[in-house]
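Scroll down for the structure; my scribbles are underneath it.
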Amino acid sequence: MRRAPLLLLLAALVPAAHAFTKAEMRAIAAHGPWPPAFARDPSNRASGNPDAIELGERLFFERRLSADGEQSCSRCHIPERSWTDGLARAQGLALTDRNTQSIANVRLQRWFGWDGANDSLWAQSIRPIIDPRELGMGARQVAALVRGDADLACRYRKVFGEVPANDEAVLVGVAKALAAFQETRVSGRAPFDEFRDALLKGDEAGIASYPEDAKRGLVIFIGKGKCNACHLGPAFTNGEFHDTGIPFFIEKGRVDPGRHSGIQKLRASPYNLLGPYNDAPERAAAIGTRHVRLEHRNFGEFRTPSLRNLAPTAPYMHNGSLATLRDVVNHYSTLSPDRLHADGEAILVALKLGEGEVRDLVAFLESLSDGGGTYARRRFAADCR
Amino acid sequence: MRLAALLALAAPAALACEMPGGPAEKLQSATHTILYRAEPGLGVGRHFALAVAVCPPPKDVRVDAWMPDHRHGMNYRPSIAPLGDGRYRADGLLFHMPGRWEFLFEVRGAGGTERFEHSVRVE
């Protein structure tokens with residue numbers, strides 16, 4: 001008899017479930033479906049080739065691909081850490097200037113790296129191999145490794161034909177195999193994806209199973225936060241570049257110019273899509289490289305990262321300066337216009353979120369993770385024939 | 001007959017201007033008419049081209065776009081190729097954020113340079 005008033009009291013204390021408007025439903029629908037269908041990279045003739053994927057996977061973990069024989073791609077892109085390293089700035093042969101980004105979903109990008117200095121995944125794969133702070137190799141050493149190892153040479157031949165005499169061409173082949181492997185790394189479905197699909201189908205049970213704090217955070221994300229102005233689409237990124245007020249000083253006397261130097265490096269690169277190593281004769285994928293515009297405002301801009309599998313990839317931002325998702329949300333909540341370019345993004349203003357709103361937005365961001373990797377390193381056949 | 005002749009005198013460029021291949025947006029001044037169509041259509045985060053027709057044919061046309069509310073333009077500088085008879089193709093455009101964008105057309109004709117603006121919203 002006394003339970004009814006108590007239940008009524010409890011019901012009054014619990015906020016009513018949010019009823020999504022048609023505009024909100026459209027905005028939520030735009031963040032899917034997930035996962036996306038595979039599409040070959042036309043600039044890489046090894047893309048989607050199982051032999052190339054296997055060669056790339058071997059090379060990804062290959063320590064002989066570094067000057068000291070101790071580094072590898074997987075030393076920074078650690079599978080058990082969602083393909084990152086947990087460090088603020090990557091450490092190879094020396095400390096680098098930027099945070100390691102996950103390779104999950106990397107094939108969906110238009111530009112690669114925090115500054116977009118490369119326009120293909122295979123060109124981006126060359127960068128750490130020849131960077132003296134990372135793997136510290138040169139084309140000559142990479143070619144010698146491939147030619148001198150019967151198994152690697154055999155696998156290279158299976159994908160590309162005879163190992164070329166030109167060292168740079170061998171380096172490009174190695175990078176294309178590495179890219180073929182990385183293309184296979186796609187994050188799994190996250191709680192948000194289940195909720196999105198349930199919402200579109202009108203599946204009440206599915207809608208109800210998504211936590212209420214994540215729903216409130218989602219409403220902020222697509223509403224007053226305008227986060228989806230840049231973090232848009234199924235991968236939660238527009239793939240372009242913004243100055244969001246993160247300092248670009250690396251240390252005293254040294255700055256990271258971000259996209260401004262990225263465009264210049266891209267144009268100077270012999271590996272860009274306008275160059276001879278693009279396997280697509282019509283060069284259609286080079287449209288961005290052909291038309292990209294260099295402006296003063298690009299100084300201090302960095303690529304909008306995907307938000308998928310964000311939770312296990314701390315720390316955040318191009319320099320790893322924010323330790324937690326809460327720090328990231330607080331950054332946007334208290335953003336000072338003094339830290340932004342005068343000619344930068346005019347809609348970027350402090351969100352001034354309350355404590356509960358910060359928690360809700362963090363809960364939503366956490367719901368974009370798939371809850372753990374599914375990667376298990378394969379056992380390969382011992383010998384290539 | 002008399003009404004048609006009057007219209008032709010009032011807006012000769014408009015009546016003469018056509019762009020086959022589907023519906024097109026139309027911008028007009030006293031001296032020029034612009035027809036343009038996005039191919040394969042407007043959207044966020046993907047490159048598109050503009051098919052453009054200018055009547056009467058000008059000396060030169062430039063195309064760009066910006067977001068007035070955000071105070072920035074595109075991250076790409078479109079290229080424009082003349083196809084003859086006042087027809088052009090602009091390539092390399094990309095809207096990297098949703099919201100209101102404004103196309104800018106600069107038409108250089110015999111009487112000087114004219115500037116046309118046209119707002120579109122992309123989601």
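A note on labels: chains of the structure tokens are A, B, ... as shown, every chain counts residues from 1, and ligands are counted from 1 in their shown order.
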When you get a sec, could you note down which chain A residues fall within 8 Å of chain B, using only C-alpha atoms, as a compact mmCIF listing (two decimals) with N, CA and C atoms, in the first residue's frame?
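Once written, selection.txt looks like this:
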```txt
# COMPACT_ATOMS: atom_id res chain seq x y z
N ALA A 229 29.95 19.13 -36.15
CA ALA A 229 30.33 20.00 -37.26
C ALA A 229 31.67 19.54 -37.84
N CYS A 230 32.52 18.97 -37.00
CA CYS A 230 33.81 18.43 -37.48
C CYS A 230 33.87 16.91 -37.32
N ASN A 238 35.64 14.74 -40.12
CA ASN A 238 35.53 15.28 -41.48
C ASN A 238 36.83 15.10 -42.25
N GLY A 239 37.84 14.55 -41.57
CA GLY A 239 39.11 14.27 -42.24
C GLY A 239 39.90 15.52 -42.59
N GLU A 240 39.49 16.67 -42.07
CA GLU A 240 40.17 17.92 -42.42
C GLU A 240 40.85 18.51 -41.17
N ILE A 287 42.84 14.14 -56.57
CA ILE A 287 42.11 15.41 -56.72
C ILE A 287 42.37 16.35 -55.54
N GLY A 288 42.46 15.80 -54.32
CA GLY A 288 42.72 16.64 -53.15
C GLY A 288 44.12 17.24 -53.20
N ARG A 290 45.90 17.81 -55.82
CA ARG A 290 45.96 18.77 -56.93
C ARG A 290 45.37 20.12 -56.53
N HIS A 291 44.37 20.09 -55.65
CA HIS A 291 43.63 21.32 -55.35
C HIS A 291 43.85 21.88 -53.95
N VAL A 292 44.62 21.19 -53.11
CA VAL A 292 44.74 21.65 -51.72
C VAL A 292 45.32 23.06 -51.68
N ARG A 293 44.82 23.86 -50.73
CA ARG A 293 45.12 25.29 -50.69
C ARG A 293 45.96 25.57 -49.44
N LEU A 294 47.09 26.24 -49.60
CA LEU A 294 47.94 26.60 -48.46
C LEU A 294 47.61 28.03 -48.03
N ASP A 343 41.83 34.38 -37.60
CA ASP A 343 41.12 34.01 -38.82
C ASP A 343 40.75 32.53 -38.83
N GLY A 344 40.60 31.97 -37.62
CA GLY A 344 40.26 30.55 -37.50
C GLY A 344 38.75 30.32 -37.51
N GLU A 345 38.35 29.16 -37.03
CA GLU A 345 36.95 28.73 -37.04
C GLU A 345 36.11 29.59 -36.09
N ALA A 346 35.16 30.37 -36.65
CA ALA A 346 34.41 31.33 -35.84
C ALA A 346 33.39 30.68 -34.93
N ILE A 347 32.97 29.44 -35.22
CA ILE A 347 31.94 28.83 -34.37
C ILE A 347 32.54 28.13 -33.16
```
Checklist line | Contacts of Val107 in chain B at 6 Å (only C-alpha atoms; same-chain gap of 4+ positions) as a ChimeraX atom specification | finding: /B:61,113-114
Item checked: For CA of Trp111 in chain A and CA of Arg308 in chain A, the interatomic separation in Å (one decimal) -> 17.1 Å
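These are the residues of range 86-215 of chain A assigned strand (DSSP E or B) by DSSP from backbone coordinates: Gln91, Leu95, Phe112 and Asn118 of chain A.
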Output N, CA and C atoms of each residue in that selection to a file, as a tab-separated table (two decimals), in the first residue's frame.
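Printed below is part.tsv as written:
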```tsv
chain	number	residue	atom	x	y	z
A	91	GLN	N	57.70	7.39	-29.07
A	91	GLN	CA	59.13	7.18	-28.83
A	91	GLN	C	59.61	6.07	-29.76
A	95	LEU	N	62.64	10.59	-29.20
A	95	LEU	CA	61.31	11.11	-28.90
A	95	LEU	C	60.81	11.95	-30.08
A	112	PHE	N	46.64	11.72	-44.17
A	112	PHE	CA	47.23	10.82	-43.18
A	112	PHE	C	48.24	11.57	-42.32
A	118	ASN	N	50.70	13.30	-45.98
A	118	ASN	CA	50.61	12.25	-47.00
A	118	ASN	C	49.15	12.06	-47.43
```
